[in-house]
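Working notes, structure below.
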Amino acid sequence: IPVGKAAIQQLGATHHFEVDTTSDAGYFTREKLRPYAAVVFLNTTGDVLNNEQQLAFQQFIQDGNGFAGIHAATDTEYDWPWYGNLVGAYFGAHPHQQDAVLHVNNRNTIATSHLPEVWKRKDEWYNFKWFTKEKVNVLISIDEGSYDAGKGKMGTSHPMSWYHQFDGGRSFYTELGHTDESYADPLYLQHLLGGLQYVMGMKQMIKE
């Protein structure tokens with residue numbers, strides 16, 4: 001989390017958006033969220049917001065703002081169905097960290113156009129136990145034949161990054177980003193930047 005926060009702050013400084021960070025859920029009020037264009041859950045886990053804070057966050061998205069979830073954001077708020085549909089999936093299990101092959105499904109987006117069609121990297125790879133029925137646009141999938149997917153492996157359809165419009169706002173999720181090394185990887189940082197620019201409304205996801 002510390003290296004991830006520093007990396008996002010640097011992306012903001014370089015690409016002209018301001019970044020605040022907090023681990024205090026008390027900031028989730030309608031008034032305190034009003035100045036922001038997007039909220040990022042960076043490796044959150046478990047139950048992080050109470051009922052009032054959840055309502056403020058829902059209103060924030062319904063007002064046309066954005067959300068970006070990074071890695072363990074899918075290991076968060078299992079008992080809040082609205083959030084599950086916002087982030088798009090819930091974590092089930094993961095094997096040990098290892099190299100794997102990713103397939104970039106759509107390279108015509110600001111989050112993926114710089115990536116190779118076949119991208120090999122090391123990270124902690126999630127198997128998901130639940131996916132939203134909302135329509136999401138898959139950006140990246142993982143090839144389970146390229147690594148030991150372990151318990152809960154998902155087979156030929158195993159998305160790892162996606163985006164969608166939801167409840168009036170914008171959502172982007174990337175499973176990538178467990179390792180410290182991710183936040184020094186220019187390919188990953190550009191992927192994350194594209195997602196952030198989309199959810200903030202700075203750019204359209206699809207490249208013109």
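Here's how to read the names in the structure tokens: chain A, B, ... by the order shown, residue numbers from 1 in each chain, ligand numbers from 1 in the order shown.
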
Polymer residues at most 12 Å from Tyr36 of chain A, only C-alpha atoms, same-chain spacing of 4 or more positions, as a short mmCIF file (atom, residue, chain, number, x, y, z; two decimals) with N, CA, C and O atoms, in the first residue's frame:
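Here's the written file selection.cif:
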data_model
loop_
_atom_site.label_atom_id
_atom_site.label_comp_id
_atom_site.auth_asym_id
_atom_site.auth_seq_id
_atom_site.Cartn_x
_atom_site.Cartn_y
_atom_site.Cartn_z
N PHE A 17 -3.44 15.88 -11.96
CA PHE A 17 -4.60 15.72 -11.09
C PHE A 17 -4.10 15.59 -9.65
O PHE A 17 -2.99 15.11 -9.40
N GLU A 18 -4.90 16.05 -8.72
CA GLU A 18 -4.52 16.04 -7.31
C GLU A 18 -4.91 14.72 -6.66
O GLU A 18 -5.94 14.14 -6.99
N VAL A 19 -4.09 14.26 -5.74
CA VAL A 19 -4.32 12.98 -5.06
C VAL A 19 -4.26 13.20 -3.55
O VAL A 19 -3.27 13.71 -3.03
N ASP A 20 -5.32 12.83 -2.86
CA ASP A 20 -5.31 12.76 -1.40
C ASP A 20 -5.42 11.30 -0.99
O ASP A 20 -6.04 10.50 -1.70
N THR A 21 -4.85 10.94 0.15
CA THR A 21 -4.95 9.56 0.63
C THR A 21 -5.42 9.57 2.08
O THR A 21 -5.14 10.50 2.84
N TYR A 27 -14.03 9.92 6.30
CA TYR A 27 -14.07 10.85 5.16
C TYR A 27 -15.21 10.55 4.21
O TYR A 27 -15.49 11.34 3.31
N PHE A 28 -15.85 9.40 4.36
CA PHE A 28 -16.94 9.04 3.46
C PHE A 28 -18.24 9.65 3.94
O PHE A 28 -19.11 8.99 4.49
N THR A 29 -18.35 10.96 3.74
CA THR A 29 -19.59 11.69 3.90
C THR A 29 -19.85 12.42 2.59
O THR A 29 -18.92 12.63 1.80
N ARG A 30 -21.08 12.80 2.35
CA ARG A 30 -21.40 13.46 1.08
C ARG A 30 -20.60 14.76 0.95
O ARG A 30 -20.08 15.08 -0.12
N GLU A 31 -20.47 15.50 2.03
CA GLU A 31 -19.77 16.78 1.99
C GLU A 31 -18.28 16.60 1.73
O GLU A 31 -17.69 17.31 0.90
N LYS A 32 -17.67 15.65 2.41
CA LYS A 32 -16.22 15.48 2.26
C LYS A 32 -15.84 14.86 0.92
O LYS A 32 -14.74 15.10 0.39
N VAL A 40 -10.39 5.75 -5.05
CA VAL A 40 -9.60 4.56 -5.34
C VAL A 40 -9.54 3.69 -4.09
O VAL A 40 -9.21 4.18 -3.01
N PHE A 57 -21.09 6.96 -0.23
CA PHE A 57 -20.32 6.48 -1.38
C PHE A 57 -21.25 6.19 -2.56
O PHE A 57 -20.95 6.53 -3.70
N PHE A 60 -22.19 9.38 -4.12
CA PHE A 60 -21.04 9.91 -4.84
C PHE A 60 -20.98 9.32 -6.26
O PHE A 60 -20.79 10.04 -7.24
N ILE A 61 -21.17 8.02 -6.37
CA ILE A 61 -21.17 7.38 -7.69
C ILE A 61 -22.40 7.79 -8.48
O ILE A 61 -22.32 8.10 -9.69
N ASP A 63 -23.89 10.48 -8.43
CA ASP A 63 -23.72 11.86 -8.88
C ASP A 63 -22.83 11.95 -10.12
O ASP A 63 -22.54 13.06 -10.58
N GLY A 64 -22.38 10.82 -10.63
CA GLY A 64 -21.61 10.81 -11.88
C GLY A 64 -20.11 10.72 -11.70
O GLY A 64 -19.35 10.96 -12.65
N ASN A 65 -19.67 10.33 -10.52
CA ASN A 65 -18.23 10.24 -10.25
C ASN A 65 -17.71 8.83 -10.49
O ASN A 65 -18.41 7.97 -10.99
N GLY A 66 -16.44 8.59 -10.12
CA GLY A 66 -15.80 7.34 -10.49
C GLY A 66 -15.21 6.56 -9.34
O GLY A 66 -15.01 7.08 -8.23
N PHE A 67 -14.91 5.29 -9.64
CA PHE A 67 -14.29 4.38 -8.67
C PHE A 67 -13.24 3.55 -9.39
O PHE A 67 -13.49 3.03 -10.49
N VAL A 199 -11.96 6.93 -14.87
CA VAL A 199 -12.95 7.06 -13.79
C VAL A 199 -13.08 8.51 -13.32
O VAL A 199 -14.14 8.90 -12.83
N MET A 200 -12.03 9.31 -13.50
CA MET A 200 -12.13 10.73 -13.15
C MET A 200 -12.86 11.54 -14.21
O MET A 200 -13.13 12.72 -14.00
N GLY A 201 -13.13 10.93 -15.35
CA GLY A 201 -13.79 11.65 -16.43
C GLY A 201 -12.86 12.53 -17.22
O GLY A 201 -13.30 13.40 -17.98
#

Inset, instruction - Using DSSP on the backbone, list every residue of segment 1-199 of chain A that comes out as alpha helix (DSSP H), and give them as a VMD selection string. - result: chain A and resid 2 to 15 30 to 33 51 to 62 81 to 87 186 to 199

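Between atom CA of Thr22 of chain A and atom CA of Phe172 of chain A the separation is 19.8 Å.
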
Legend entry - Shortest interatomic distance to Arg121 of chain A - which of A:Trp82, A:Tyr90, A:Tyr188, A:Phe166, counting only C-alpha atoms: A:Tyr188

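Here the question is which of A:Thr174, A:Asn50, A:Gln165, A:Thr45 gets nearest to Glu134 of chain A using only C-alpha atoms, and that residue is A:Gln165.
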
Inset, instruction - State, in Å with one decimal place, the distance from atom CA of Gly150 of chain A to atom CA of Asp99 of chain A. - result: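 Spanning atom CA of Gly150 of chain A to atom CA of Asp99 of chain A is a straight-line distance of 13.6 Å.
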
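Computed from the coordinates, the atom CA of Ala149 of chain A to atom CA of His94 of chain A distance equals 7.2 Å.
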
Legend entry - Which of A:Gln197, A:Thr76, A:Asn51, A:Asn85 sits closest to Ala38 of chain A [using only C-alpha atoms]: A:Gln197

Which neighbours of Lys129 of chain A fall inside 8 Å, counting only C-alpha atoms, when residues of the same chain fewer than 4 positions from it are skipped, and could you give them as a JSON list (two decimals) with N, CA and C atoms, in the first residue's frame?
[["chain", "number", "residue", "atom", "x", "y", "z"],
["A", 89, "ALA", "N", -16.55, -8.07, -9.04],
["A", 89, "ALA", "CA", -16.24, -9.46, -8.69],
["A", 89, "ALA", "C", -15.86, -9.53, -7.21],
["A", 90, "TYR", "N", -15.83, -10.76, -6.69],
["A", 90, "TYR", "CA", -15.32, -10.99, -5.34],
["A", 90, "TYR", "C", -14.24, -12.06, -5.39],
["A", 91, "PHE", "N", -13.19, -11.82, -4.63],
["A", 91, "PHE", "CA", -12.05, -12.73, -4.50],
["A", 91, "PHE", "C", -12.47, -14.08, -3.92],
["A", 92, "GLY", "N", -11.88, -15.15, -4.46],
["A", 92, "GLY", "CA", -12.12, -16.48, -3.92],
["A", 92, "GLY", "C", -10.90, -17.09, -3.28],
["A", 93, "ALA", "N", -9.77, -17.14, -4.03],
["A", 93, "ALA", "CA", -8.54, -17.74, -3.55],
["A", 93, "ALA", "C", -7.40, -17.31, -4.46],
["A", 152, "GLY", "N", -9.67, -23.24, -6.76],
["A", 152, "GLY", "CA", -10.66, -22.33, -7.32],
["A", 152, "GLY", "C", -10.35, -21.83, -8.71]]

Legend entry - Exercise: Ile142 of chain A partners within 12 Å, only C-alpha atoms, chain neighbours under 3 positions left out, as an MDAnalysis selection string: chainID A and resid 99:105 117:127 138:139 145:149 153:161 174:176

Legend entry - Selected residue, from A:Asp75, A:Glu181, A:Asp167, A:Glu144, that lies nearest to Gly4 of chain A when counting only C-alpha atoms: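 Result for the nearest residue to Gly4 of chain A: A:Glu181.
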
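Within 8 Å of His191 of chain A, once only C-alpha atoms are used and residues closer than 6 positions along the same chain are dropped, the contacting residues are Ile110, Ala111 and Thr112 of chain A.
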
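Checking A:Gln62, A:Lys203, A:Gly194, A:Ser182 one by one against Gly169 of chain A, counting only C-alpha atoms, you find the shortest gap at A:Gln62.
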
Inset, instruction - Check the DSSP output for the backbone and give back, as a ChimeraX atom specification, the residues of segment 28-103 of chain A in strand (DSSP E). - result: /A:38-42,66-70,89-93,98-103
